[in-house]
Amino acid sequence: MTSLPPIFAPERRILFARLVANGILQAAMIVGSMLLVRHAFDVLLNPAFDDPEVNLFDPSEVISIGFFALALLAFTGLAAWLRLMERIDGERLGEGYIHRVRLTLFDQMGKFAPRALSRRTTGATALRFVSDLTAIRRWVSLGLARIVVAAIVSTLALGFLAFLDPYLAAASFLILSLGLAGNLLLGPRMNLAVSESRRLRGRLAGNINERIQAFAVIQVFNQQRRERKRYGRHSRQLRDAMIRRAKAAGLMGAVSEGSTAASMGLVLSLGAFEVFRGMTTAGNVVAAMAVVGFLSNTFRSLGRVHEYYQSAEVSKRKLIEFLRTRRLKGRGANLPPLEVRGGQVEFQDITLNNTLTGFSAIAPGGSRVALLGTNGAGKSTLLHVAARLVDPDAGQVLIDGQNLAECDLGTVRAAIAVISPDLPLLRGSIGYNLRYRWPCAPEEEVARIKKLCALDEMLAEFPDGEEHKLQEGGKNLSLGQRHRLALARALVGHPSVLIVDEIDANLDAHVGGILDRVIESFPGTVLMVTRSPHRLARADYLWQLQDGRLAAVEQSTKPSASGASLPLGQESSLEAPLH
């Protein structure tokens with residue numbers, strides 16, 4: 001998906017219809033007020049009122065004036081209420097649309113390649129869900145909704161004014177239109193200011209998010225002054241960009257205000273001339289000024305519509321760019337499920353960017369395979385490809401002869417467990433994280449995992465046990481406790497393939513022993529990157545990677561966990577189901 005949901009969707013058409021009706025009613029209130037003002041003013045200026053002794057205490061005149069006052073109050077009150085309802089319906093329209101866009105973004109993120117998504121900074125991604133959506137909501141709520149109502153109100157009100165006095169209507173329309181044209185000409189300047197301020201806000205958000213997460217590093221190395229200087233420079237740049245944006249917005253507002261004032265002045269001057277020449281009545285002039293007064297708020301708010309539009313267009317481009325993030329295949333409802341029998345994992349001519357180039361190898365079902373190589377050799381990248389955290393540019397990964405890219409991704413996720421430093425614990429309880437892979441896991445399965453990973457002794461350290469709340473990333477647990485819980489989370493649900501991506505660098509002896517027990521007893525295939533000589537010695541195969549290719553294979557003399565000890569390239573004959 002490379003576009004946002006349509007604004008004029010069926011579920012929002014009722015709100016648009018309400019806005020159209022609101023605009024018609026607002027125009028009716030303006031026309032009614034205009035007629036009342038014209039009639040009342042023509043009566044009050046009638047020479048019959050020149051003698052107060054005749055009319056001052058005439059009940060009929062008092063009742064007539066009171067009627068005009070009450071009717072005018074009713075019209076203006078209803079107009080104010082309609083403006084309130086317009087604002088509420090506009091907000092409903094905007095929030096309803098943004099709710100749909102927000103869910104669309106979340107749904108599409110689920111289809112992104114995790115590795116491609118991880119390349120985006122947290123601050124930039126958060127900006128998509130907060131600032132960009134806010135800009136689009138403002139455009140829909142305060143811009144598009146205002147245009148719908150304002151177009152109807154302006155057309156009907158000015159049309160009726162033209163019926164009364166075409167010259168006054170033409171003068172009002174000309175000046176107000178010039179104001180709108182001026183705002184349109186200022187649009188590119190506003191667009192530039194919005195784009196620049198948005199870019200700087202995203203950079204600042206990303207930097208501050210990174211620094212907050214690593215503030216201990218800043219403190220340990222005593223670099224507060226240096227980081228403050230850097231942060232201050234970015235903050236000043238954003239401040240200046242926001243001031244330039246405010247200037248552009250202020251200039252657009254000044255054009256709107258100026259056109260309204262000029263329209264009022266022109267109507268008054270032209271009206272006085274027409275009254276003097278006997279071409280119209282004073283009531284028509286006052287009614288025309290009342291129309292301009294009513295429409296001034298409409299045109300003043302329209303002056304900001306272009307600002308909202310420019311902001312929304314910039315945000316829309318960024319959201320569409322975000323939606324073009326590299327995604328995984330395999331979400332179709334008609335794709336076959338992955339059916340694991342022996343668990344043989346085969347890589348066929350895998351190529352990805354400049355990291356893997358024509359990599360081919362076979363991990364027999366039930367074997368333990370350790371990947372070796374220098375930094376940048378492609379070890380972790382190969383594990384990501386095996387786990388379908390990223391799809392290769394060329395080649396394919398097969399499990400028991402089934403191409404993972406052509407299998408339902410949900411079943412692939414169920415069959416492959418991943419333990420990696422790139423997969424942190426989530427904010428929530430220990431129990432929530434433990435059952436995250438299988439939220440409805442039966443207690444027998446949870447008890448099995450607890451025993452396997454020695455979680456009961458860890459839970460005993462917390463008074464509230466599984467209900468103990470974790471901070472972001474599980475930072476209120478020790479490193480060993482985090483590794484133990486992450487290991488348990490991955491194993492719930494009897495996965496068939498276990499991928500271990502270098503998590504043993506800082507394990508203590510106790511947690512290291514748990515990891516050894518898990519790897520040794522795992523009934524399926526294990527692919528791991530490890531630096532532990534002990535675990536390397538217990539692997540069935542050692543794959544040496546160099547420049548993204550398989551440079552060498554060493555096979556252990558001990559039998560694999562499956563009972564097979566197959567050289568590279570041979571098919572596994574293991575057909576028994578995993579338990």
# chains A, B, ... in the order shown; residues from 1 in each chain; ligands from 1
>>> residues_around(residues="region 2-17 of chain A", least_positions_apart="5", cutoff="8 Å", atoms="only C-alpha atoms", output="number ranges by chain")
A: 89-90, 92-93, 96-97, 100-101, 104, 145, 316, 320-321, 323-324
>>> residues_around(residues="region 337-354 of chain A", least_positions_apart="2", cutoff="7 Å", atoms="only C-alpha atoms", output="VMD selection string")
chain A and resid 335 356 to 366 392 to 400 407 to 408 411 to 412 496 to 497 524 to 525 572 574 to 578
>>> residues_around(residues="region 542-554 of chain A", least_positions_apart="3", cutoff="6 Å", atoms="only C-alpha atoms", output="PyMOL selection string")
chain A and resi 355-357+359+369-373+377-378
>>> atom_distance(atom1="CA of Gly253 (chain A)", atom2="CA of Leu192 (chain A)")
17.2 Å
>>> select_by_dssp(residues="region 141-385 of chain A", states="alpha helix (DSSP H)", output="number ranges by chain")
A: 145-164, 166-185, 187-213, 215-220, 224-277, 282-323, 379-385
>>> residues_around(residues="Leu452 (chain A)", least_positions_apart="4", cutoff="12 Å", atoms="only C-alpha atoms", output="list in words")
Glu445, Val446, Ala447, Arg448, Asp456, Glu457, Arg484, Leu485, Leu487, Ala488, Arg489, Leu491, Val492, Val511, Gly513, Ile514, Leu515, Asp516, Arg517, Val518, Ile519, Glu520, Ser521 and Phe522 of chain A
>>> atom_distance(atom1="CA of Leu383 (chain A)", atom2="CA of Gly473 (chain A)")
22.1 Å
>>> atom_distance(atom1="CA of Gln555 (chain A)", atom2="CA of Ser367 (chain A)")
10.6 Å
>>> closest_residue(among="A:Asp107, A:Glu313, A:Asp508, A:Glu196", to="Gln237 (chain A)", atoms="only C-alpha atoms")
A:Glu196
>>> closest_residue(among="A:Asp42, A:Ala290, A:Val267, A:His468", to="Met29 (chain A)", atoms="only C-alpha atoms")
A:Ala290
>>> residues_around(residues="region 81-83 of chain A", least_positions_apart="4", cutoff="8 Å", atoms="only C-alpha atoms", output="MDAnalysis selection string")
chainID A and resid 22 25:26 77 87
>>> write_last_selection(atoms="C-alpha atoms", output="JSON list (two decimals), in the first residue's frame")
[["chain", "number", "residue", "atom", "x", "y", "z"],
["A", 22, "ASN", "CA", -24.85, 23.29, 8.26],
["A", 25, "LEU", "CA", -28.46, 26.85, 7.46],
["A", 26, "GLN", "CA", -25.64, 29.30, 8.25],
["A", 77, "GLY", "CA", -27.56, 32.94, 18.21],
["A", 87, "ARG", "CA", -16.52, 22.73, 14.65]]
>>> select_by_dssp(residues="region 309-426 of chain A", states="strand (DSSP E or B)", output="PyMOL selection string")
chain A and resi 327+345-352+356-363+368-372+394-399+402-403+416-419
>>> residues_around(residues="region 239-249 of chain A", least_positions_apart="2", cutoff="7 Å", atoms="only C-alpha atoms", output="PyMOL selection string")
chain A and resi 189-190+193-194+196-197+235-237+251-253+307
>>> residues_around(residues="Asp165 (chain A)", least_positions_apart="6", cutoff="10 Å", atoms="only C-alpha atoms", output="PyMOL selection string")
chain A and resi 158-159+271+274+279-281+284-285+288
